[in-house]
$ cat entry.pdb   # PDB, C-alpha atoms, pLDDT in the B column
MODEL        1
ATOM      1  CA  MET F   1      -8.832  -1.941  17.297  1.00 46.00           C
ATOM      2  CA  PRO F   2      -6.357  -4.533  18.638  1.00 50.00           C
ATOM      3  CA  ALA F   3      -2.970  -4.807  16.954  1.00 53.00           C
ATOM      4  CA  LYS F   4      -2.372  -7.864  14.802  1.00 55.00           C
ATOM      5  CA  SER F   5       0.236 -10.260  16.041  1.00 54.00           C
ATOM      6  CA  ALA F   6       3.292 -10.964  13.893  1.00 45.00           C
ATOM      7  CA  ARG F   7       1.919 -14.455  13.335  1.00 50.00           C
ATOM      8  CA  ALA F   8      -1.089 -12.982  11.515  1.00 62.00           C
ATOM      9  CA  PHE F   9       1.180 -11.943   8.634  1.00 82.00           C
ATOM     10  CA  ARG F  10       2.226 -14.289   5.886  1.00 92.00           C
ATOM     11  CA  ARG F  11       5.645 -15.081   4.513  1.00 94.00           C
ATOM     12  CA  ILE F  12       6.560 -12.732   1.665  1.00 95.00           C
ATOM     13  CA  GLU F  13       9.259 -13.795  -0.771  1.00 96.00           C
ATOM     14  CA  ILE F  14      10.994 -10.844  -2.399  1.00 95.00           C
ATOM     15  CA  GLY F  15      13.029 -11.550  -5.476  1.00 95.00           C
ATOM     16  CA  GLN F  16      15.176 -14.655  -5.501  1.00 97.00           C
ATOM     17  CA  TYR F  17      17.080 -14.141  -2.232  1.00 98.00           C
ATOM     18  CA  LEU F  18      15.039 -12.070   0.236  1.00 98.00           C
ATOM     19  CA  VAL F  19      12.148 -12.978   2.518  1.00 97.00           C
ATOM     20  CA  LYS F  20       9.963 -11.505   5.257  1.00 96.00           C
ATOM     21  CA  ASP F  21       8.641 -14.278   7.463  1.00 96.00           C
ATOM     22  CA  PRO F  22       6.907 -13.699  10.800  1.00 94.00           C
ATOM     23  CA  GLU F  23       8.576 -16.872  12.081  1.00 93.00           C
ATOM     24  CA  ILE F  24      12.109 -15.643  11.304  1.00 94.00           C
ATOM     25  CA  TYR F  25      13.889 -12.762  13.043  1.00 94.00           C
ATOM     26  CA  HIS F  26      10.667 -11.107  14.211  1.00 92.00           C
ATOM     27  CA  GLY F  27       9.374 -10.751  10.653  1.00 94.00           C
ATOM     28  CA  GLU F  28      12.241  -8.523   9.546  1.00 96.00           C
ATOM     29  CA  LEU F  29      13.675  -8.782   6.037  1.00 97.00           C
ATOM     30  CA  THR F  30      16.292 -11.554   5.897  1.00 98.00           C
ATOM     31  CA  PHE F  31      18.209 -13.474   3.270  1.00 98.00           C
ATOM     32  CA  ARG F  32      16.244 -16.567   2.272  1.00 97.00           C
ATOM     33  CA  GLY F  33      17.275 -19.690   4.159  1.00 95.00           C
ATOM     34  CA  THR F  34      19.069 -17.686   6.871  1.00 97.00           C
ATOM     35  CA  ARG F  35      18.360 -15.593   9.933  1.00 96.00           C
ATOM     36  CA  VAL F  36      20.700 -12.868   8.643  1.00 97.00           C
ATOM     37  CA  PRO F  37      18.987  -9.453   8.510  1.00 98.00           C
ATOM     38  CA  VAL F  38      19.337  -7.657   5.197  1.00 98.00           C
ATOM     39  CA  ASP F  39      19.746  -4.257   6.853  1.00 97.00           C
ATOM     40  CA  VAL F  40      22.779  -5.422   8.837  1.00 97.00           C
ATOM     41  CA  VAL F  41      24.624  -6.689   5.765  1.00 97.00           C
ATOM     42  CA  LEU F  42      23.705  -3.592   3.723  1.00 97.00           C
ATOM     43  CA  THR F  43      25.027  -1.378   6.510  1.00 97.00           C
ATOM     44  CA  TYR F  44      28.394  -3.136   6.435  1.00 97.00           C
ATOM     45  CA  VAL F  45      28.545  -2.928   2.645  1.00 97.00           C
ATOM     46  CA  ALA F  46      27.606   0.777   2.746  1.00 95.00           C
ATOM     47  CA  GLN F  47      30.467   1.320   5.198  1.00 97.00           C
ATOM     48  CA  GLY F  48      32.930  -0.181   2.745  1.00 97.00           C
ATOM     49  CA  MET F  49      32.898  -3.951   3.198  1.00 96.00           C
ATOM     50  CA  PRO F  50      33.661  -5.536  -0.193  1.00 96.00           C
ATOM     51  CA  LEU F  51      31.022  -7.945  -1.477  1.00 93.00           C
ATOM     52  CA  SER F  52      33.717 -10.614  -1.612  1.00 93.00           C
ATOM     53  CA  GLU F  53      33.961 -10.484   2.210  1.00 95.00           C
ATOM     54  CA  VAL F  54      30.252 -11.028   2.824  1.00 95.00           C
ATOM     55  CA  PRO F  55      30.434 -14.851   2.670  1.00 93.00           C
ATOM     56  CA  GLU F  56      33.429 -14.762   5.047  1.00 95.00           C
ATOM     57  CA  ASN F  57      31.264 -13.045   7.670  1.00 96.00           C
ATOM     58  CA  TRP F  58      27.917 -14.661   6.791  1.00 97.00           C
ATOM     59  CA  PRO F  59      28.680 -17.996   5.051  1.00 97.00           C
ATOM     60  CA  ASP F  60      25.037 -18.572   4.101  1.00 96.00           C
ATOM     61  CA  VAL F  61      24.725 -15.230   2.278  1.00 97.00           C
ATOM     62  CA  SER F  62      26.012 -15.088  -1.293  1.00 95.00           C
ATOM     63  CA  GLN F  63      27.373 -12.073  -3.101  1.00 95.00           C
ATOM     64  CA  GLU F  64      24.445 -12.433  -5.525  1.00 96.00           C
ATOM     65  CA  ALA F  65      21.969 -12.192  -2.645  1.00 97.00           C
ATOM     66  CA  VAL F  66      23.593  -8.992  -1.415  1.00 97.00           C
ATOM     67  CA  GLN F  67      23.647  -7.573  -4.934  1.00 96.00           C
ATOM     68  CA  GLU F  68      19.911  -8.225  -5.199  1.00 97.00           C
ATOM     69  CA  ALA F  69      19.341  -6.404  -1.895  1.00 97.00           C
ATOM     70  CA  ILE F  70      21.433  -3.470  -3.124  1.00 96.00           C
ATOM     71  CA  SER F  71      19.437  -3.332  -6.353  1.00 96.00           C
ATOM     72  CA  PHE F  72      16.110  -3.312  -4.491  1.00 95.00           C
ATOM     73  CA  ALA F  73      17.396  -0.615  -2.129  1.00 93.00           C
ATOM     74  CA  GLN F  74      18.536   1.486  -5.079  1.00 93.00           C
ATOM     75  CA  GLU F  75      15.167   1.116  -6.818  1.00 92.00           C
ATOM     76  CA  ALA F  76      13.302   2.081  -3.626  1.00 89.00           C
ATOM     77  CA  LEU F  77      15.490   5.146  -3.103  1.00 88.00           C
ATOM     78  CA  LEU F  78      15.103   6.319  -6.681  1.00 90.00           C
ATOM     79  CA  GLU F  79      11.338   5.727  -6.604  1.00 87.00           C
ATOM     80  CA  LYS F  80      10.915   7.606  -3.320  1.00 86.00           C
ATOM     81  CA  TYR F  81      12.761  10.693  -4.494  1.00 88.00           C
ATOM     82  CA  LYS F  82      11.338  10.568  -7.988  1.00 84.00           C
ATOM     83  CA  LYS F  83       7.889  11.076  -6.447  1.00 66.00           C
ATOM     84  CA  ALA F  84       9.121  13.768  -4.056  1.00 59.00           C
ATOM     85  CA  ALA F  85      10.462  15.980  -6.845  1.00 55.00           C
TER      86      ALA F  85
ENDMDL
END
$ encode --input "entry.pdb" --output "structure tokens"
Amino acid sequence: MPAKSARAFRRIEIGQYLVKDPEIYHGELTFRGTRVPVDVVLTYVAQGMPLSEVPENWPDVSQEAVQEAISFAQEALLEKYKKAA
């Protein structure tokens, strides 16, 4: 069976600030209205970047948007390991 192209997928809005859109950054999860990948920002925050510095590095990404991404990541982690136990 042939693989579906990225264009075959639809835009998925996740929460208030996150989006997966096949037309933006190869369909990866980004902050709505930007081309900033969520995983990149979360990596910096996990390595110690204060939330207050996020807008200095990515002016179009708010602290609230990053907090939402952190909350979704936390929920996914807890759900994954809740099932594994």
$ resolve_selection --input "entry.pdb" --expression "the PyMOL selection byres ((chain F and resi 18-28) around 9)" --output "VMD selection string"
chain F and resid 6 to 17 29 to 38 65 68 to 69
$ atom_distance --input "entry.pdb" --atom1 "CA of Ala76 in chain F" --atom2 "CA of Ala46 in chain F"
15.7 Å
$ residues_around --input "entry.pdb" --residues "Trp58 in chain F" --least-positions-apart "3" --cutoff "10 Å" --atoms "all atoms listed in the file" --output "MDAnalysis selection string"
chainID F and resid 34 36 41 53:55 61:62
$ atom_distance --input "entry.pdb" --atom1 "CA of Asp60 in chain F" --atom2 "CA of Gln74 in chain F"
23.0 Å
$ build_atoms --input "entry.pdb" --residues "range 28-49 of chain F" --atoms "N, CA, C and O atoms" --output "mmCIF file, in the coordinates of the input"
data_model
loop_
_atom_site.group_PDB
_atom_site.id
_atom_site.type_symbol
_atom_site.label_atom_id
_atom_site.label_comp_id
_atom_site.auth_asym_id
_atom_site.auth_seq_id
_atom_site.Cartn_x
_atom_site.Cartn_y
_atom_site.Cartn_z
ATOM 1 N N GLU F 28 11.406 -9.477 10.272
ATOM 2 C CA GLU F 28 12.241 -8.523 9.546
ATOM 3 C C GLU F 28 12.731 -9.147 8.237
ATOM 4 O O GLU F 28 12.744 -10.361 8.079
ATOM 5 N N LEU F 29 13.166 -8.318 7.324
ATOM 6 C CA LEU F 29 13.675 -8.782 6.037
ATOM 7 C C LEU F 29 15.009 -9.500 6.241
ATOM 8 O O LEU F 29 15.946 -8.950 6.833
ATOM 9 N N THR F 30 15.080 -10.751 5.774
ATOM 10 C CA THR F 30 16.292 -11.554 5.897
ATOM 11 C C THR F 30 16.635 -12.161 4.537
ATOM 12 O O THR F 30 15.838 -12.110 3.603
ATOM 13 N N PHE F 31 17.817 -12.735 4.466
ATOM 14 C CA PHE F 31 18.209 -13.474 3.270
ATOM 15 C C PHE F 31 17.582 -14.863 3.368
ATOM 16 O O PHE F 31 17.645 -15.498 4.421
ATOM 17 N N ARG F 32 16.972 -15.292 2.293
ATOM 18 C CA ARG F 32 16.244 -16.567 2.272
ATOM 19 C C ARG F 32 17.132 -17.712 2.761
ATOM 20 O O ARG F 32 18.294 -17.812 2.394
ATOM 21 N N GLY F 33 16.560 -18.540 3.628
ATOM 22 C CA GLY F 33 17.275 -19.690 4.159
ATOM 23 C C GLY F 33 18.210 -19.363 5.308
ATOM 24 O O GLY F 33 18.955 -20.228 5.766
ATOM 25 N N THR F 34 18.190 -18.105 5.777
ATOM 26 C CA THR F 34 19.069 -17.686 6.871
ATOM 27 C C THR F 34 18.263 -16.898 7.896
ATOM 28 O O THR F 34 17.095 -16.606 7.697
ATOM 29 N N ARG F 35 18.925 -16.523 8.957
ATOM 30 C CA ARG F 35 18.360 -15.593 9.933
ATOM 31 C C ARG F 35 19.142 -14.277 9.882
ATOM 32 O O ARG F 35 19.134 -13.495 10.825
ATOM 33 N N VAL F 36 19.844 -14.049 8.798
ATOM 34 C CA VAL F 36 20.700 -12.868 8.643
ATOM 35 C C VAL F 36 19.851 -11.700 8.142
ATOM 36 O O VAL F 36 19.276 -11.756 7.054
ATOM 37 N N PRO F 37 19.772 -10.609 8.922
ATOM 38 C CA PRO F 37 18.987 -9.453 8.510
ATOM 39 C C PRO F 37 19.640 -8.712 7.343
ATOM 40 O O PRO F 37 20.849 -8.446 7.359
ATOM 41 N N VAL F 38 18.841 -8.373 6.370
ATOM 42 C CA VAL F 38 19.337 -7.657 5.197
ATOM 43 C C VAL F 38 19.916 -6.304 5.592
ATOM 44 O O VAL F 38 20.981 -5.912 5.101
ATOM 45 N N ASP F 39 19.262 -5.590 6.501
ATOM 46 C CA ASP F 39 19.746 -4.257 6.853
ATOM 47 C C ASP F 39 21.139 -4.288 7.475
ATOM 48 O O ASP F 39 21.943 -3.384 7.249
ATOM 49 N N VAL F 40 21.451 -5.323 8.216
ATOM 50 C CA VAL F 40 22.779 -5.422 8.837
ATOM 51 C C VAL F 40 23.856 -5.567 7.761
ATOM 52 O O VAL F 40 24.864 -4.855 7.766
ATOM 53 N N VAL F 41 23.637 -6.469 6.822
ATOM 54 C CA VAL F 41 24.624 -6.689 5.765
ATOM 55 C C VAL F 41 24.756 -5.433 4.895
ATOM 56 O O VAL F 41 25.872 -5.014 4.572
ATOM 57 N N LEU F 42 23.626 -4.806 4.541
ATOM 58 C CA LEU F 42 23.705 -3.592 3.723
ATOM 59 C C LEU F 42 24.445 -2.473 4.444
ATOM 60 O O LEU F 42 25.170 -1.698 3.811
ATOM 61 N N THR F 43 24.298 -2.397 5.745
ATOM 62 C CA THR F 43 25.027 -1.378 6.510
ATOM 63 C C THR F 43 26.530 -1.599 6.408
ATOM 64 O O THR F 43 27.296 -0.657 6.166
ATOM 65 N N TYR F 44 26.970 -2.839 6.562
ATOM 66 C CA TYR F 44 28.394 -3.136 6.435
ATOM 67 C C TYR F 44 28.909 -2.830 5.029
ATOM 68 O O TYR F 44 29.992 -2.263 4.863
ATOM 69 N N VAL F 45 28.133 -3.191 4.025
ATOM 70 C CA VAL F 45 28.545 -2.928 2.645
ATOM 71 C C VAL F 45 28.598 -1.413 2.399
ATOM 72 O O VAL F 45 29.539 -0.909 1.785
ATOM 73 N N ALA F 46 27.613 -0.687 2.909
ATOM 74 C CA ALA F 46 27.606 0.777 2.746
ATOM 75 C C ALA F 46 28.799 1.426 3.429
ATOM 76 O O ALA F 46 29.280 2.468 2.993
ATOM 77 N N GLN F 47 29.309 0.787 4.481
ATOM 78 C CA GLN F 47 30.467 1.320 5.198
ATOM 79 C C GLN F 47 31.792 0.871 4.591
ATOM 80 O O GLN F 47 32.854 1.157 5.132
ATOM 81 N N GLY F 48 31.712 0.145 3.466
ATOM 82 C CA GLY F 48 32.930 -0.181 2.745
ATOM 83 C C GLY F 48 33.318 -1.645 2.673
ATOM 84 O O GLY F 48 34.344 -1.977 2.062
ATOM 85 N N MET F 49 32.556 -2.529 3.282
ATOM 86 C CA MET F 49 32.898 -3.951 3.198
ATOM 87 C C MET F 49 32.743 -4.423 1.752
ATOM 88 O O MET F 49 31.683 -4.245 1.158
#
